[in-house]
Amino acid sequence: ARSGEGPPVAVPALTGWTAEPGGYAFGPRTRLVADSPAERLVADTLVGDLRAAGHGRIAVVRGGARSGDIVINVRPSRSALGTEGYELHSGTRLSITGATGTGAFYGTRTLLQLLAQGDRIPAGRTVDVPRYKERGVGACACYIHISLPWLENLVREMSYNKLNQLLVELKVKSDAHPEANTWGYYTKDEIRRLVALGDKYHVE
């Protein structure tokens with residue numbers, strides 16, 4: 001990338017991008033480097049998302065990053081990043097650093113967006129800290145039944161765009177009042193499944 005080029009396209013926009021010479025190339029030898037449990041949790045989610053996006057199965061390893069690798073860092077000392085911010089540095093390898101696992105996770109969402117545009121990412125560095133604490137979506141399943149897979153896909157799409165709160169109006173099957181269990185309800189297990197997916201994808 002030339003120093004005069006603008007930032008790569010991402011949602012939200014990478015307003016703090018500093019271009020550097022060269023670029024990062026994702027390929028068949030790419031590995032995910034993650035050492036701590038928090039880093040491996042982020043890496044494990046990214047592995048599944050990369051596979052779902054058609055990028056194949058990527059190995060997660062500890063230490064010793066080499067050219068072409070993706071490095072996940074959770075560094076509590078980087079407190080200026082806050083709980084949801086991250087730094088992404090693209091070069092011969094690509095590193096994502098957050099002060100928390102949530103911050104590093106959001107950096108992987110930017111990575112997925114960039115890889116959707118091609119396997120080469122221009123070299124550079126950005127610090128991306130959300131401007132707003134609450135970034136949400138509302139859905140009403142009061143008068144129509146929204147399928148659970150649709151809601152689960154919504155959670156994944158929200159995380160992809162770094163949205164963090166889902167408000168759903170719905171009816172849960174009642175044990176105490178079975179006469180109220182007409183069409184359009186969700187079981188408690190379905191709600192637990194949705195909440196667990198939200199935890200995985202950092203959507204409350």
# chains A, B, ... in the order shown; residues from 1 in each chain; ligands from 1
>>> residues_around(residues="Ala141 of chain A", least_positions_apart="4", cutoff="12 Å", atoms="only C-alpha atoms", output="list in words")
His145, Ile146, Ser147, Leu148, Trp150, Leu151, Leu167, Val168, Glu169, Leu170, Lys171, Val172, Trp183, Gly184, Tyr185 and Tyr186 of chain A
>>> residues_around(residues="Gly98 of chain A", least_positions_apart="3", cutoff="7 Å", atoms="only C-alpha atoms", output="PDB file with N, CA and C atoms, in the first residue's frame")
ATOM      1  N   ASN A  73      -3.845 -11.058  20.579  1.00  0.00           N
ATOM      2  CA  ASN A  73      -3.270 -10.614  21.844  1.00  0.00           C
ATOM      3  C   ASN A  73      -4.356 -10.019  22.737  1.00  0.00           C
ATOM      4  N   VAL A  74      -4.401 -10.444  23.994  1.00  0.00           N
ATOM      5  CA  VAL A  74      -5.223  -9.793  25.012  1.00  0.00           C
ATOM      6  C   VAL A  74      -4.254  -9.229  26.044  1.00  0.00           C
ATOM      7  N   ARG A  75      -4.158  -7.903  26.087  1.00  0.00           N
ATOM      8  CA  ARG A  75      -3.193  -7.213  26.935  1.00  0.00           C
ATOM      9  C   ARG A  75      -3.921  -6.221  27.838  1.00  0.00           C
ATOM     10  N   LEU A  81      -7.502   1.196  25.218  1.00  0.00           N
ATOM     11  CA  LEU A  81      -8.401   0.573  24.245  1.00  0.00           C
ATOM     12  C   LEU A  81      -9.793   0.341  24.831  1.00  0.00           C
ATOM     13  N   GLY A  85     -12.351  -1.816  22.455  1.00  0.00           N
ATOM     14  CA  GLY A  85     -11.451  -1.338  21.413  1.00  0.00           C
ATOM     15  C   GLY A  85     -10.345  -2.330  21.107  1.00  0.00           C
ATOM     16  N   TYR A  86      -9.691  -2.133  19.977  1.00  0.00           N
ATOM     17  CA  TYR A  86      -8.597  -3.013  19.563  1.00  0.00           C
ATOM     18  C   TYR A  86      -7.631  -2.251  18.671  1.00  0.00           C
ATOM     19  N   GLU A  87      -6.447  -2.800  18.537  1.00  0.00           N
ATOM     20  CA  GLU A  87      -5.475  -2.332  17.547  1.00  0.00           C
ATOM     21  C   GLU A  87      -5.246  -3.459  16.552  1.00  0.00           C
ATOM     22  N   GLY A 101     -10.819  -9.660  26.045  1.00  0.00           N
ATOM     23  CA  GLY A 101     -11.201 -10.604  25.002  1.00  0.00           C
ATOM     24  C   GLY A 101     -12.237 -10.016  24.066  1.00  0.00           C
ATOM     25  N   GLY A 103     -12.527  -6.838  23.149  1.00  0.00           N
ATOM     26  CA  GLY A 103     -11.838  -5.968  22.204  1.00  0.00           C
ATOM     27  C   GLY A 103     -11.151  -6.752  21.106  1.00  0.00           C
ATOM     28  N   ALA A 104     -10.425  -7.813  21.494  1.00  0.00           N
ATOM     29  CA  ALA A 104      -9.764  -8.642  20.489  1.00  0.00           C
ATOM     30  C   ALA A 104     -10.788  -9.292  19.564  1.00  0.00           C
TER      31      ALA A 104
END
>>> closest_residue(among="A:Ile191, A:Val129, A:Ala99, A:Leu41", to="Ala13 of chain A", atoms="only C-alpha atoms")
A:Val129
>>> closest_atom_pairs(of="segment 37-116 of chain A", to="segment 15-24 of chain A", cutoff="8 Å", atoms="only C-alpha atoms", output="CSV")
residue,atom,partner,partner_atom,distance
A:Gly68,CA,A:Tyr24,CA,6.8
A:Ser90,CA,A:Tyr24,CA,5.8
A:Gly91,CA,A:Tyr24,CA,4.9
A:Thr92,CA,A:Tyr24,CA,5.2
A:Arg93,CA,A:Tyr24,CA,6.0
A:Leu94,CA,A:Tyr24,CA,6.6
>>> write_last_selection(atoms="C-alpha atoms", output="PDB file, in the first residue's frame")
ATOM      1  CA  GLY A  68       1.380 -15.099   7.206  1.00  0.00           C
ATOM      2  CA  SER A  90      -1.180  -5.633   9.150  1.00  0.00           C
ATOM      3  CA  GLY A  91       2.242  -6.478   7.727  1.00  0.00           C
ATOM      4  CA  THR A  92       4.052  -9.720   6.948  1.00  0.00           C
ATOM      5  CA  ARG A  93       1.789 -11.101   9.687  1.00  0.00           C
ATOM      6  CA  LEU A  94      -1.403  -9.641  11.115  1.00  0.00           C
TER       7      LEU A  94
END
>>> atom_distance(atom1="atom CA of Ala80 of chain A", atom2="atom CA of Arg31 of chain A")
28.0 Å
>>> select_by_dssp(residues="chain A", states="helix (DSSP H, G or I)", output="number ranges by chain")
A: 37-52, 79-81, 101-115, 148-160, 178-180, 188-200
>>> atom_distance(atom1="atom CA of Ala196 of chain A", atom2="atom CA of Thr182 of chain A")
25.6 Å
>>> closest_residue(among="A:Val11, A:Ala123, A:Ala34, A:Ala116", to="Ser159 of chain A", atoms="only C-alpha atoms")
A:Val11
>>> decode(residues="segment 27-45 of chain A", atoms="N, CA and C atoms", output="PDB file, in the first residue's frame")
ATOM      1  N   GLY A  27      -3.230 -17.168   3.530  1.00  0.00           N
ATOM      2  CA  GLY A  27      -3.058 -18.298   2.619  1.00  0.00           C
ATOM      3  C   GLY A  27      -3.142 -19.634   3.318  1.00  0.00           C
ATOM      4  N   PRO A  28      -2.820 -20.718   2.615  1.00  0.00           N
ATOM      5  CA  PRO A  28      -2.969 -22.075   3.164  1.00  0.00           C
ATOM      6  C   PRO A  28      -2.047 -22.359   4.349  1.00  0.00           C
ATOM      7  N   ARG A  29      -0.970 -21.589   4.524  1.00  0.00           N
ATOM      8  CA  ARG A  29      -0.053 -21.814   5.648  1.00  0.00           C
ATOM      9  C   ARG A  29      -0.397 -20.927   6.843  1.00  0.00           C
ATOM     10  N   THR A  30      -1.430 -20.108   6.733  1.00  0.00           N
ATOM     11  CA  THR A  30      -1.802 -19.215   7.829  1.00  0.00           C
ATOM     12  C   THR A  30      -2.214 -20.009   9.065  1.00  0.00           C
ATOM     13  N   ARG A  31      -1.725 -19.559  10.221  1.00  0.00           N
ATOM     14  CA  ARG A  31      -2.119 -20.134  11.497  1.00  0.00           C
ATOM     15  C   ARG A  31      -2.625 -19.017  12.398  1.00  0.00           C
ATOM     16  N   LEU A  32      -3.386 -19.393  13.415  1.00  0.00           N
ATOM     17  CA  LEU A  32      -3.805 -18.448  14.450  1.00  0.00           C
ATOM     18  C   LEU A  32      -2.923 -18.680  15.662  1.00  0.00           C
ATOM     19  N   VAL A  33      -2.235 -17.638  16.114  1.00  0.00           N
ATOM     20  CA  VAL A  33      -1.352 -17.735  17.271  1.00  0.00           C
ATOM     21  C   VAL A  33      -2.059 -17.120  18.469  1.00  0.00           C
ATOM     22  N   ALA A  34      -2.274 -17.926  19.518  1.00  0.00           N
ATOM     23  CA  ALA A  34      -2.976 -17.481  20.719  1.00  0.00           C
ATOM     24  C   ALA A  34      -2.423 -18.257  21.902  1.00  0.00           C
ATOM     25  N   ASP A  35      -1.972 -17.548  22.924  1.00  0.00           N
ATOM     26  CA  ASP A  35      -1.315 -18.204  24.052  1.00  0.00           C
ATOM     27  C   ASP A  35      -2.212 -18.353  25.280  1.00  0.00           C
ATOM     28  N   SER A  36      -2.820 -17.262  25.738  1.00  0.00           N
ATOM     29  CA  SER A  36      -3.593 -17.298  26.975  1.00  0.00           C
ATOM     30  C   SER A  36      -4.979 -17.892  26.724  1.00  0.00           C
ATOM     31  N   PRO A  37      -5.668 -18.329  27.784  1.00  0.00           N
ATOM     32  CA  PRO A  37      -7.038 -18.836  27.603  1.00  0.00           C
ATOM     33  C   PRO A  37      -7.962 -17.812  26.939  1.00  0.00           C
ATOM     34  N   ALA A  38      -7.855 -16.532  27.309  1.00  0.00           N
ATOM     35  CA  ALA A  38      -8.707 -15.498  26.696  1.00  0.00           C
ATOM     36  C   ALA A  38      -8.415 -15.367  25.212  1.00  0.00           C
ATOM     37  N   GLU A  39      -7.134 -15.445  24.842  1.00  0.00           N
ATOM     38  CA  GLU A  39      -6.759 -15.347  23.428  1.00  0.00           C
ATOM     39  C   GLU A  39      -7.251 -16.566  22.650  1.00  0.00           C
ATOM     40  N   ARG A  40      -7.159 -17.728  23.253  1.00  0.00           N
ATOM     41  CA  ARG A  40      -7.588 -18.952  22.567  1.00  0.00           C
ATOM     42  C   ARG A  40      -9.097 -18.991  22.388  1.00  0.00           C
ATOM     43  N   LEU A  41      -9.833 -18.404  23.314  1.00  0.00           N
ATOM     44  CA  LEU A  41     -11.289 -18.335  23.167  1.00  0.00           C
ATOM     45  C   LEU A  41     -11.658 -17.508  21.937  1.00  0.00           C
ATOM     46  N   VAL A  42     -10.986 -16.362  21.773  1.00  0.00           N
ATOM     47  CA  VAL A  42     -11.206 -15.525  20.588  1.00  0.00           C
ATOM     48  C   VAL A  42     -10.798 -16.275  19.325  1.00  0.00           C
ATOM     49  N   ALA A  43      -9.647 -16.923  19.375  1.00  0.00           N
ATOM     50  CA  ALA A  43      -9.141 -17.648  18.208  1.00  0.00           C
ATOM     51  C   ALA A  43     -10.064 -18.796  17.815  1.00  0.00           C
ATOM     52  N   ASP A  44     -10.582 -19.522  18.796  1.00  0.00           N
ATOM     53  CA  ASP A  44     -11.457 -20.652  18.496  1.00  0.00           C
ATOM     54  C   ASP A  44     -12.736 -20.201  17.789  1.00  0.00           C
ATOM     55  N   THR A  45     -13.295 -19.064  18.225  1.00  0.00           N
ATOM     56  CA  THR A  45     -14.481 -18.529  17.535  1.00  0.00           C
ATOM     57  C   THR A  45     -14.121 -18.115  16.115  1.00  0.00           C
TER      58      THR A  45
END
